[in-house]
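Data file: protein-v1.cif. Format and content: mmCIF, C-alpha atoms.
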```cif
data_my_file
#
loop_
_atom_site.group_PDB
_atom_site.id
_atom_site.type_symbol
_atom_site.label_atom_id
_atom_site.label_comp_id
_atom_site.auth_asym_id
_atom_site.auth_seq_id
_atom_site.Cartn_x
_atom_site.Cartn_y
_atom_site.Cartn_z
ATOM 1 C CA MET Y 1 50.229 55.598 224.396
ATOM 2 C CA ILE Y 2 53.492 56.823 222.942
ATOM 3 C CA ASP Y 3 55.337 54.967 220.228
ATOM 4 C CA PRO Y 4 58.349 53.310 221.948
ATOM 5 C CA ARG Y 5 60.159 52.985 218.632
ATOM 6 C CA ARG Y 6 60.276 56.709 217.945
ATOM 7 C CA PRO Y 7 63.779 58.038 218.671
ATOM 8 C CA THR Y 8 64.363 61.017 220.912
ATOM 9 C CA SER Y 9 65.556 64.064 218.991
ATOM 10 C CA VAL Y 10 68.782 65.600 220.281
ATOM 11 C CA PRO Y 11 69.851 68.959 218.806
ATOM 12 C CA ALA Y 12 73.070 68.793 216.796
ATOM 13 C CA ALA Y 13 74.575 71.668 218.788
ATOM 14 C CA LEU Y 14 73.932 69.819 222.039
ATOM 15 C CA ARG Y 15 75.543 66.674 220.669
ATOM 16 C CA SER Y 16 78.587 68.713 219.656
ATOM 17 C CA VAL Y 17 78.903 70.282 223.102
ATOM 18 C CA GLY Y 18 78.447 66.872 224.688
ATOM 19 C CA ARG Y 19 81.258 65.370 222.627
ATOM 20 C CA TYR Y 20 83.550 68.289 223.495
ATOM 21 C CA VAL Y 21 82.856 67.992 227.222
ATOM 22 C CA ALA Y 22 83.218 64.206 227.131
ATOM 23 C CA SER Y 23 86.581 64.505 225.404
ATOM 24 C CA GLY Y 24 87.822 66.948 228.030
ATOM 25 C CA LEU Y 25 86.626 64.791 230.917
ATOM 26 C CA LEU Y 26 88.291 61.750 229.387
ATOM 27 C CA GLN Y 27 91.625 63.569 229.351
ATOM 28 C CA VAL Y 28 91.126 64.534 232.998
ATOM 29 C CA GLU Y 29 90.335 60.923 233.857
ATOM 30 C CA HIS Y 30 93.444 59.590 232.146
ATOM 31 C CA SER Y 31 95.571 62.151 233.983
ATOM 32 C CA LEU Y 32 94.045 61.286 237.358
ATOM 33 C CA ARG Y 33 94.522 57.563 236.827
ATOM 34 C CA SER Y 34 98.144 57.748 235.733
ATOM 35 C CA ALA Y 35 99.222 60.448 238.180
ATOM 36 C CA GLY Y 36 97.266 58.871 241.029
ATOM 37 C CA ALA Y 37 98.962 55.498 240.693
ATOM 38 C CA ALA Y 38 102.393 57.125 240.628
ATOM 39 C CA PHE Y 39 101.683 59.328 243.662
ATOM 40 C CA VAL Y 40 100.302 56.463 245.755
ATOM 41 C CA ASP Y 41 103.342 54.326 244.995
ATOM 42 C CA ARG Y 42 105.687 57.120 246.047
ATOM 43 C CA TRP Y 43 103.656 58.805 248.809
ATOM 44 C CA PRO Y 44 101.127 56.357 250.336
ATOM 45 C CA ALA Y 45 100.030 59.028 252.821
ATOM 46 C CA LEU Y 46 98.346 60.856 249.936
ATOM 47 C CA THR Y 47 95.934 57.984 249.300
ATOM 48 C CA THR Y 48 92.969 59.634 251.063
ATOM 49 C CA LEU Y 49 93.476 62.899 249.180
ATOM 50 C CA LEU Y 50 93.718 61.114 245.845
ATOM 51 C CA VAL Y 51 90.658 58.982 246.542
ATOM 52 C CA SER Y 52 88.717 62.141 247.375
ATOM 53 C CA THR Y 53 89.960 63.796 244.176
ATOM 54 C CA TRP Y 54 88.956 60.788 242.108
ATOM 55 C CA TYR Y 55 85.472 60.683 243.590
ATOM 56 C CA GLY Y 56 85.194 64.418 243.041
ATOM 57 C CA TYR Y 57 85.902 63.807 239.368
ATOM 58 C CA THR Y 58 83.307 61.040 239.144
ATOM 59 C CA HIS Y 59 80.801 63.350 240.840
ATOM 60 C CA LEU Y 60 81.521 66.023 238.222
ATOM 61 C CA TYR Y 61 81.153 63.477 235.423
ATOM 62 C CA CYS Y 62 77.759 62.318 236.714
ATOM 63 C CA TRP Y 63 76.631 65.903 237.284
ATOM 64 C CA GLY Y 64 77.462 66.678 233.648
ATOM 65 C CA THR Y 65 75.347 63.742 232.537
ATOM 66 C CA GLY Y 66 72.469 65.060 234.625
ATOM 67 C CA VAL Y 67 72.722 68.539 233.110
ATOM 68 C CA LYS Y 68 72.673 67.124 229.584
ATOM 69 C CA ASN Y 69 69.634 65.001 230.381
ATOM 70 C CA SER Y 70 67.739 67.965 231.812
ATOM 71 C CA LEU Y 71 67.997 69.638 228.396
ATOM 72 C CA VAL Y 72 66.619 66.626 226.549
ATOM 73 C CA HIS Y 73 64.174 64.749 228.780
ATOM 74 C CA PRO Y 74 61.048 66.166 230.472
ATOM 75 C CA ALA Y 75 61.327 63.458 233.131
ATOM 76 C CA GLY Y 76 64.218 64.279 235.397
ATOM 77 C CA ILE Y 77 67.169 61.902 235.605
ATOM 78 C CA ASP Y 78 69.210 62.165 238.770
ATOM 79 C CA PRO Y 79 72.490 60.288 238.160
ATOM 80 C CA PHE Y 80 72.854 59.826 241.929
ATOM 81 C CA GLU Y 81 69.344 58.497 242.469
ATOM 82 C CA ILE Y 82 68.691 55.780 245.023
ATOM 83 C CA GLN Y 83 65.424 53.863 244.659
ATOM 84 C CA ARG Y 84 63.970 51.138 246.850
ATOM 85 C CA VAL Y 85 63.029 48.185 244.684
ATOM 86 C CA PRO Y 86 61.162 44.982 245.546
ATOM 87 C CA LEU Y 87 63.043 41.694 245.568
ATOM 88 C CA ASP Y 88 60.523 39.577 243.720
ATOM 89 C CA PRO Y 89 62.059 36.383 242.306
ATOM 90 C CA PRO Y 90 63.412 35.623 239.869
ATOM 91 C CA ILE Y 91 65.902 38.477 240.168
ATOM 92 C CA PRO Y 92 67.296 39.391 236.715
ATOM 93 C CA TRP Y 93 71.073 39.802 236.563
ATOM 94 C CA LEU Y 94 72.769 41.242 233.489
ATOM 95 C CA ASP Y 95 74.801 38.530 231.766
ATOM 96 C CA LEU Y 96 78.335 39.840 232.218
ATOM 97 C CA THR Y 97 80.134 36.536 231.833
ATOM 98 C CA PRO Y 98 83.362 36.807 229.796
ATOM 99 C CA SER Y 99 81.570 35.522 226.698
ATOM 100 C CA GLY Y 100 78.326 37.399 227.374
ATOM 101 C CA PRO Y 101 76.848 39.334 224.420
ATOM 102 C CA VAL Y 102 76.829 42.687 226.264
ATOM 103 C CA THR Y 103 79.879 42.300 228.509
ATOM 104 C CA SER Y 104 82.042 44.635 226.428
ATOM 105 C CA GLN Y 105 79.237 47.210 226.327
ATOM 106 C CA PHE Y 106 79.295 47.433 230.138
ATOM 107 C CA SER Y 107 83.024 47.122 230.743
ATOM 108 C CA ARG Y 108 83.659 50.702 231.890
ATOM 109 C CA SER Y 109 83.497 52.080 235.428
ATOM 110 C CA LYS Y 110 79.897 52.058 236.598
ATOM 111 C CA PHE Y 111 79.725 55.813 237.170
ATOM 112 C CA LYS Y 112 80.021 56.159 233.380
ATOM 113 C CA TYR Y 113 76.524 54.671 233.084
ATOM 114 C CA ALA Y 114 74.851 56.742 235.801
ATOM 115 C CA GLY Y 115 71.987 58.738 234.327
ATOM 116 C CA ARG Y 116 72.502 57.448 230.802
ATOM 117 C CA VAL Y 117 69.728 56.546 228.372
ATOM 118 C CA MET Y 118 70.730 53.605 226.185
ATOM 119 C CA ASP Y 119 69.086 51.980 223.195
ATOM 120 C CA GLY Y 120 69.721 48.431 222.030
ATOM 121 C CA ASP Y 121 68.869 44.934 223.200
ATOM 122 C CA TRP Y 122 71.146 44.844 226.253
ATOM 123 C CA ASP Y 123 68.153 44.442 228.557
ATOM 124 C CA GLN Y 124 67.257 41.164 226.857
ATOM 125 C CA HIS Y 125 70.443 39.450 228.036
ATOM 126 C CA THR Y 126 69.835 38.529 231.651
ATOM 127 C CA VAL Y 127 70.113 35.435 233.808
ATOM 128 C CA PRO Y 128 68.232 34.598 237.027
ATOM 129 C CA PHE Y 129 70.549 35.663 239.832
ATOM 130 C CA GLN Y 130 69.536 32.679 241.951
ATOM 131 C CA GLU Y 131 71.059 30.421 239.282
ATOM 132 C CA THR Y 132 74.503 32.049 239.364
ATOM 133 C CA ALA Y 133 77.565 30.492 240.989
ATOM 134 C CA VAL Y 134 77.762 33.484 243.340
ATOM 135 C CA TYR Y 135 74.312 32.924 244.806
ATOM 136 C CA ARG Y 136 74.743 29.152 244.980
ATOM 137 C CA GLY Y 137 78.065 29.616 246.769
ATOM 138 C CA PHE Y 138 76.604 32.048 249.301
ATOM 139 C CA LYS Y 139 73.633 29.759 249.887
ATOM 140 C CA ALA Y 140 75.900 26.763 250.481
ATOM 141 C CA HIS Y 141 78.139 28.723 252.854
ATOM 142 C CA PHE Y 142 75.512 30.507 254.939
ATOM 143 C CA GLU Y 143 72.722 27.931 254.953
ATOM 144 C CA ARG Y 144 74.692 24.666 254.932
ATOM 145 C CA SER Y 145 77.938 25.888 256.549
ATOM 146 C CA VAL Y 146 80.049 24.820 253.567
ATOM 147 C CA ASP Y 147 83.545 26.285 253.779
ATOM 148 C CA TRP Y 148 84.128 29.062 251.253
ATOM 149 C CA ALA Y 149 87.027 27.178 249.674
ATOM 150 C CA GLU Y 150 84.736 24.241 248.907
ATOM 151 C CA THR Y 151 82.135 26.252 247.003
ATOM 152 C CA GLU Y 152 81.775 26.556 243.241
ATOM 153 C CA PHE Y 153 81.894 30.329 243.682
ATOM 154 C CA PHE Y 154 85.343 30.205 245.284
ATOM 155 C CA ALA Y 155 86.666 27.889 242.571
ATOM 156 C CA ASP Y 156 85.343 30.132 239.780
ATOM 157 C CA VAL Y 157 86.955 33.226 241.282
ATOM 158 C CA MET Y 158 90.279 31.476 241.802
ATOM 159 C CA ASP Y 159 90.270 30.272 238.188
ATOM 160 C CA ARG Y 160 89.970 33.875 237.022
ATOM 161 C CA ILE Y 161 92.630 35.118 239.442
ATOM 162 C CA ASP Y 162 94.989 32.335 238.342
ATOM 163 C CA ASP Y 163 94.405 33.425 234.739
ATOM 164 C CA GLY Y 164 95.660 36.896 235.629
ATOM 165 C CA ASN Y 165 92.278 38.585 236.092
ATOM 166 C CA PRO Y 166 91.994 40.291 239.510
ATOM 167 C CA MET Y 167 88.592 39.957 241.169
ATOM 168 C CA TRP Y 168 87.427 42.674 243.594
ATOM 169 C CA GLY Y 169 91.037 43.802 243.804
ATOM 170 C CA CYS Y 170 92.205 40.321 244.814
ATOM 171 C CA ARG Y 171 95.260 39.003 243.004
ATOM 172 C CA SER Y 172 95.979 35.942 245.147
ATOM 173 C CA ARG Y 173 94.224 33.184 247.051
ATOM 174 C CA ALA Y 174 95.195 34.776 250.361
ATOM 175 C CA ALA Y 175 93.664 38.102 249.339
ATOM 176 C CA PHE Y 176 90.426 36.453 248.259
ATOM 177 C CA GLU Y 177 90.264 34.440 251.485
ATOM 178 C CA ARG Y 178 90.480 37.732 253.400
ATOM 179 C CA ARG Y 179 87.626 39.087 251.312
ATOM 180 C CA CYS Y 180 85.532 36.034 252.153
ATOM 181 C CA GLU Y 181 86.130 36.773 255.829
ATOM 182 C CA ARG Y 182 84.806 40.295 255.258
ATOM 183 C CA ILE Y 183 81.750 38.830 253.520
ATOM 184 C CA ASP Y 184 81.056 36.884 256.721
ATOM 185 C CA GLU Y 185 81.297 40.158 258.644
ATOM 186 C CA LEU Y 186 78.924 41.875 256.215
ATOM 187 C CA TYR Y 187 76.363 39.080 256.520
ATOM 188 C CA ALA Y 188 76.459 39.305 260.312
ATOM 189 C CA SER Y 189 76.074 43.095 260.174
ATOM 190 C CA ILE Y 190 73.072 43.034 257.825
ATOM 191 C CA GLU Y 191 71.459 40.217 259.795
ATOM 192 C CA ALA Y 192 71.836 42.176 263.029
ATOM 193 C CA HIS Y 193 71.129 45.728 261.860
ATOM 194 C CA GLY Y 194 69.310 45.428 258.531
ATOM 195 C CA TYR Y 195 70.480 46.742 255.179
ATOM 196 C CA ARG Y 196 71.594 50.363 255.141
ATOM 197 C CA ILE Y 197 72.888 52.458 252.280
ATOM 198 C CA GLN Y 198 76.425 53.792 252.373
ATOM 199 C CA ALA Y 199 75.358 57.328 253.323
ATOM 200 C CA GLU Y 200 73.547 55.965 256.382
ATOM 201 C CA LEU Y 201 76.577 53.924 257.379
ATOM 202 C CA ALA Y 202 78.830 56.950 256.959
ATOM 203 C CA GLY Y 203 76.469 59.113 259.011
ATOM 204 C CA ASP Y 204 76.517 56.573 261.831
ATOM 205 C CA GLU Y 205 80.286 56.144 261.441
ATOM 206 C CA VAL Y 206 79.751 52.430 260.835
ATOM 207 C CA ASP Y 207 82.236 50.597 258.646
ATOM 208 C CA ASP Y 208 81.136 48.509 255.692
ATOM 209 C CA PRO Y 209 83.488 45.506 255.511
ATOM 210 C CA LEU Y 210 83.432 45.509 251.696
ATOM 211 C CA ALA Y 211 83.338 49.244 250.968
ATOM 212 C CA ALA Y 212 86.201 51.079 249.353
ATOM 213 C CA GLN Y 213 88.001 53.807 251.271
ATOM 214 C CA ARG Y 214 85.352 56.298 252.319
ATOM 215 C CA VAL Y 215 85.469 60.043 251.788
ATOM 216 C CA PRO Y 216 83.304 62.582 253.635
ATOM 217 C CA SER Y 217 80.702 63.339 250.950
ATOM 218 C CA ALA Y 218 77.651 61.079 251.167
ATOM 219 C CA ARG Y 219 77.240 61.264 247.413
ATOM 220 C CA HIS Y 220 80.728 59.910 246.938
ATOM 221 C CA THR Y 221 79.880 56.820 248.976
ATOM 222 C CA ILE Y 222 77.187 55.917 246.448
ATOM 223 C CA HIS Y 223 79.830 54.076 244.440
ATOM 224 C CA ASP Y 224 79.618 51.146 246.871
ATOM 225 C CA GLU Y 225 75.860 50.652 246.477
ATOM 226 C CA MET Y 226 74.142 47.824 244.655
ATOM 227 C CA THR Y 227 73.362 49.049 241.159
ATOM 228 C CA VAL Y 228 70.621 48.405 238.626
ATOM 229 C CA LEU Y 229 69.702 49.211 235.063
ATOM 230 C CA ILE Y 230 66.090 49.682 234.003
ATOM 231 C CA GLY Y 231 64.973 47.800 230.903
ATOM 232 C CA ARG Y 232 62.505 48.786 228.213
ATOM 233 C CA ASP Y 233 59.518 47.489 230.184
ATOM 234 C CA GLY Y 234 60.568 48.962 233.524
ATOM 235 C CA GLU Y 235 62.274 45.812 234.771
ATOM 236 C CA TYR Y 236 65.046 46.375 237.313
ATOM 237 C CA ILE Y 237 68.155 44.526 236.153
ATOM 238 C CA PHE Y 238 70.894 44.127 238.742
ATOM 239 C CA VAL Y 239 74.389 44.732 237.423
ATOM 240 C CA ASP Y 240 76.694 45.174 240.426
ATOM 241 C CA GLY Y 241 76.717 44.299 244.114
ATOM 242 C CA ARG Y 242 76.519 40.512 243.927
ATOM 243 C CA ASP Y 243 77.714 39.978 247.490
ATOM 244 C CA ARG Y 244 75.099 42.258 249.005
ATOM 245 C CA LEU Y 245 72.342 41.014 246.721
ATOM 246 C CA ALA Y 246 73.012 37.386 247.642
ATOM 247 C CA ILE Y 247 72.980 38.250 251.343
ATOM 248 C CA VAL Y 248 69.710 40.209 251.306
ATOM 249 C CA LEU Y 249 68.028 37.417 249.344
ATOM 250 C CA LEU Y 250 69.226 34.789 251.809
ATOM 251 C CA LEU Y 251 67.926 36.956 254.656
ATOM 252 C CA ASP Y 252 64.536 37.267 252.882
ATOM 253 C CA LEU Y 253 64.481 41.066 252.811
ATOM 254 C CA PRO Y 254 61.416 42.231 250.809
ATOM 255 C CA SER Y 255 63.094 45.230 249.177
ATOM 256 C CA VAL Y 256 66.430 46.983 248.971
ATOM 257 C CA PRO Y 257 67.767 50.459 248.082
ATOM 258 C CA VAL Y 258 69.797 50.542 244.867
ATOM 259 C CA TRP Y 259 71.653 53.072 242.738
ATOM 260 C CA VAL Y 260 69.915 53.453 239.365
ATOM 261 C CA LEU Y 261 72.407 53.656 236.513
ATOM 262 C CA ALA Y 262 71.199 53.558 232.892
ATOM 263 C CA ARG Y 263 67.665 53.343 231.556
ATOM 264 C CA HIS Y 264 66.549 51.871 228.261
ATOM 265 C CA GLU Y 265 65.541 54.506 225.729
ATOM 266 C CA ARG Y 266 62.035 53.076 225.351
ATOM 267 C CA TRP Y 267 61.471 53.201 229.100
ATOM 268 C CA GLN Y 268 62.758 56.762 229.302
ATOM 269 C CA ARG Y 269 60.365 57.738 226.525
ATOM 270 C CA LEU Y 270 57.493 56.489 228.661
ATOM 271 C CA ARG Y 271 58.817 58.431 231.659
ATOM 272 C CA ASP Y 272 58.989 61.565 229.503
ATOM 273 C CA ALA Y 273 55.419 61.051 228.307
ATOM 274 C CA VAL Y 274 54.146 60.694 231.874
ATOM 275 C CA ALA Y 275 56.152 63.707 233.058
ATOM 276 C CA SER Y 276 54.862 65.904 230.226
ATOM 277 C CA GLY Y 277 51.249 64.825 230.748
ATOM 278 C CA ARG Y 278 50.910 63.081 227.397
ATOM 279 C CA VAL Y 279 50.220 59.851 229.263
ATOM 280 C CA GLU Y 280 48.338 59.630 232.557
ATOM 281 C CA GLN Y 281 49.617 57.144 235.117
ATOM 282 C CA CYS Y 282 46.081 55.883 235.638
ATOM 283 C CA ASP Y 283 46.063 54.812 231.975
ATOM 284 C CA LEU Y 284 49.170 52.673 232.365
ATOM 285 C CA PRO Y 285 49.033 48.892 232.829
ATOM 286 C CA PRO Y 286 48.358 48.076 236.514
ATOM 287 C CA ARG Y 287 51.893 46.773 237.102
ATOM 288 C CA LEU Y 288 53.356 50.163 236.112
ATOM 289 C CA ARG Y 289 51.054 52.572 237.932
ATOM 290 C CA ASP Y 290 53.061 52.435 241.149
ATOM 291 C CA HIS Y 291 56.438 51.851 239.544
ATOM 292 C CA PRO Y 292 59.096 53.645 241.655
ATOM 293 C CA ASP Y 293 60.750 55.100 238.558
ATOM 294 C CA LEU Y 294 57.535 56.776 237.398
ATOM 295 C CA SER Y 295 56.960 58.573 240.662
ATOM 296 C CA THR Y 296 60.391 60.180 241.060
#
```
Give the structure from this file in structure tokens form.
Amino acid sequence: MIDPRRPTSVPAALRSVGRYVASGLLQVEHSLRSAGAAFVDRWPALTTLLVSTWYGYTHLYCWGTGVKNSLVHPAGIDPFEIQRVPLDPPIPWLDLTPSGPVTSQFSRSKFKYAGRVMDGDWDQHTVPFQETAVYRGFKAHFERSVDWAETEFFADVMDRIDDGNPMWGCRSRAAFERRCERIDELYASIEAHGYRIQAELAGDEVDDPLAAQRVPSARHTIHDEMTVLIGRDGEYIFVDGRDRLAIVLLLDLPSVPVWVLARHERWQRLRDAVASGRVEQCDLPPRLRDHPDLST
């Protein structure tokens, strides 16, 4: 078995190129954000074009991450990868509460983490999703018919909005009430038709009540998927998509497709060892032999 503490060696030249590319992409991002906001305010009809441009940039950013990884890791890392993962309770959720120990580490747009390999103890800071206010609120609403406004979840969100922190783009009670109505629509859709990824919905020309404005490319729609990180021991840690996750758990779905973002460095080292033949899958612990991330 490989030593999980041994760091991966990255050539200095590659690190230098990576920093140069990252700096250039950051300048592009700042320009798109500032110019985009100004254009939308002045010419709302350009919204679709600007959304497409923004997603094109995020696609390029993720593609660059994938290219860098292909030069370093024997096991491929597709930054757009969708995996189907089992929903075995308890479901670990990354602790991203305002005072959480890793909240600042994961404060950037989620596409910035797609395909990344990250060291550290971030994967040790999780909470059972079924114990969160979000899940309890959904359970009360959908199983006991409690009005949204009477749930702990609604109160928590309104406290943050009232403190000047928009939630899911909602800056007022009225806006959040409209979002809750769309959550009801999403629940009804998943209950009737099952859970489908954004590319499938786009292909069938079916609207997702909670999805952002859609652009033609299926890979662009990936931004509205549930997302996970993979910890050092191969544990899937959910990090985004609370609404959908709560719904599929309440509907007792056995598994769900998710967008894989970052992996822990120790887990990636195991993937590399398996990919290079230094470790045989049959020699792994039984729980890992059929792990979805070791067969991709």
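Picture a line from atom CA of Y:Pro286 to atom CA of Y:Glu265; it runs 21.3 Å.
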Applied to the shown file, which residues does the PyMOL selection byres ((chain Y and resi 111) around 12) return, written as JSON, numbers by chain?
-> {"Y": [54, 55, 56, 57, 58, 59, 60, 61, 62, 63, 64, 65, 79, 80, 81, 106, 107, 108, 109, 110, 112, 113, 114, 115, 116, 219, 220, 221, 222, 223, 224, 225, 227, 228, 240, 259, 260, 261, 262]}
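Atom CA of Y:Leu71 lies 28.5 Å from atom CA of Y:Gln124.
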Long-range neighbours of Y:Cys180 as a VMD selection string, 10 Å cut-off, all atoms listed in the file, 5 positions minimum in chain = chain Y and resid 148 to 149 154 174 to 175 185 to 186 210 243
On this file, the PyMOL selection byres ((chain Y and resi 152) around 12) gives some set of residues; write that set as a list in words.
->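 When the PyMOL selection byres ((chain Y and resi 152) around 12) is applied, the selected residues are Thr132, Ala133, Val134, Tyr135, Arg136, Gly137, Phe138, Lys139, Ala140, His141, Val146, Asp147, Trp148, Ala149, Glu150, Thr151, Phe153, Phe154, Ala155, Asp156, Val157, Met158 and Asp159 of chain Y.
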Please, could you write that set of residues out with C-alpha atoms as a PDB file, keeping the file's coordinate frame?
```
ATOM      1  CA  THR Y 132      74.503  32.049 239.364  1.00  0.00           C
ATOM      2  CA  ALA Y 133      77.565  30.492 240.989  1.00  0.00           C
ATOM      3  CA  VAL Y 134      77.762  33.484 243.340  1.00  0.00           C
ATOM      4  CA  TYR Y 135      74.312  32.924 244.806  1.00  0.00           C
ATOM      5  CA  ARG Y 136      74.743  29.152 244.980  1.00  0.00           C
ATOM      6  CA  GLY Y 137      78.065  29.616 246.769  1.00  0.00           C
ATOM      7  CA  PHE Y 138      76.604  32.048 249.301  1.00  0.00           C
ATOM      8  CA  LYS Y 139      73.633  29.759 249.887  1.00  0.00           C
ATOM      9  CA  ALA Y 140      75.900  26.763 250.481  1.00  0.00           C
ATOM     10  CA  HIS Y 141      78.139  28.723 252.854  1.00  0.00           C
ATOM     11  CA  VAL Y 146      80.049  24.820 253.567  1.00  0.00           C
ATOM     12  CA  ASP Y 147      83.545  26.285 253.779  1.00  0.00           C
ATOM     13  CA  TRP Y 148      84.128  29.062 251.253  1.00  0.00           C
ATOM     14  CA  ALA Y 149      87.027  27.178 249.674  1.00  0.00           C
ATOM     15  CA  GLU Y 150      84.736  24.241 248.907  1.00  0.00           C
ATOM     16  CA  THR Y 151      82.135  26.252 247.003  1.00  0.00           C
ATOM     17  CA  PHE Y 153      81.894  30.329 243.682  1.00  0.00           C
ATOM     18  CA  PHE Y 154      85.343  30.205 245.284  1.00  0.00           C
ATOM     19  CA  ALA Y 155      86.666  27.889 242.571  1.00  0.00           C
ATOM     20  CA  ASP Y 156      85.343  30.132 239.780  1.00  0.00           C
ATOM     21  CA  VAL Y 157      86.955  33.226 241.282  1.00  0.00           C
ATOM     22  CA  MET Y 158      90.279  31.476 241.802  1.00  0.00           C
ATOM     23  CA  ASP Y 159      90.270  30.272 238.188  1.00  0.00           C
TER      24      ASP Y 159
END
```
Distance of atom CA of Y:Ile91 from atom CA of Y:Val274, expressed in Å to one decimal place |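 Rounded to one decimal, the two atoms are 26.5 Å apart.
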Which one is closest to Y:Pro209: Y:Asp162, Y:Glu181, Y:Asp233, Y:Glu191? Count only C-alpha atoms.
->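 Nearest candidate to Y:Pro209 out of Y:Asp162, Y:Glu181, Y:Asp233, Y:Glu191: Y:Glu181.
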Using all atoms listed in the file, determine which residues lie at most 7 Å from Y:Ile161, disregarding the query and same-chain residues fewer than 5 positions distant; provide the list as a list in words.
->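 In the requested form, the answer reads Pro166, Met167, Arg171 and Ser172 of chain Y.
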Fewer than 5 positions away in the same chain doesn't count, so skip those; otherwise give me all residues within 9 Å of Y:Arg244, counting all atoms listed in the file, as JSON, numbers by chain.
-> {"Y": [183, 186, 187, 195, 225, 226, 249]}
Rank Y:Glu200, Y:Gln83, Y:Gly234, Y:Phe176 by their smallest atom-to-atom distance to Y:Leu270, using all atoms listed in the file, and report the top residue only.
-> Y:Gly234
Residues near Y:Asp123, cut-off 12 Å, only C-alpha atoms, skip fewer than 3 positions along chain, as a PyMOL selection string = chain Y and resi 92-96+101-103+105-106+118-120+126-127+228-239+262-267
Have a look at Y:Asp184, Y:Gly66, Y:Leu284, Y:Trp122 and name the one nearest to Y:Ser104; count only C-alpha atoms.
->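 Checking each candidate against Y:Ser104, we get Y:Trp122 as the closest.
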Which residues, protein or nucleic acid, reach to within 8 Å of (64.7, 45.3, 252.6) in the file's coordinates when using only C-alpha atoms, and can you give that as a list in words?
->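 Collected hits near the coordinates: Pro86, Gly194, Tyr195, Val248, Leu253, Pro254, Ser255, Val256 and Pro257 of chain Y.
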Report as lines of an AutoDock Vina configuration file the centre and the edge lengths, in Å to one decimal, of the axis-aligned box holding every listed atom of stretch 274-281 of chain Y, padded by 4 Å on each side.
```
center_x = 52.2
center_y = 61.5
center_z = 231.3
size_x = 15.8
size_y = 16.8
size_z = 15.7
```
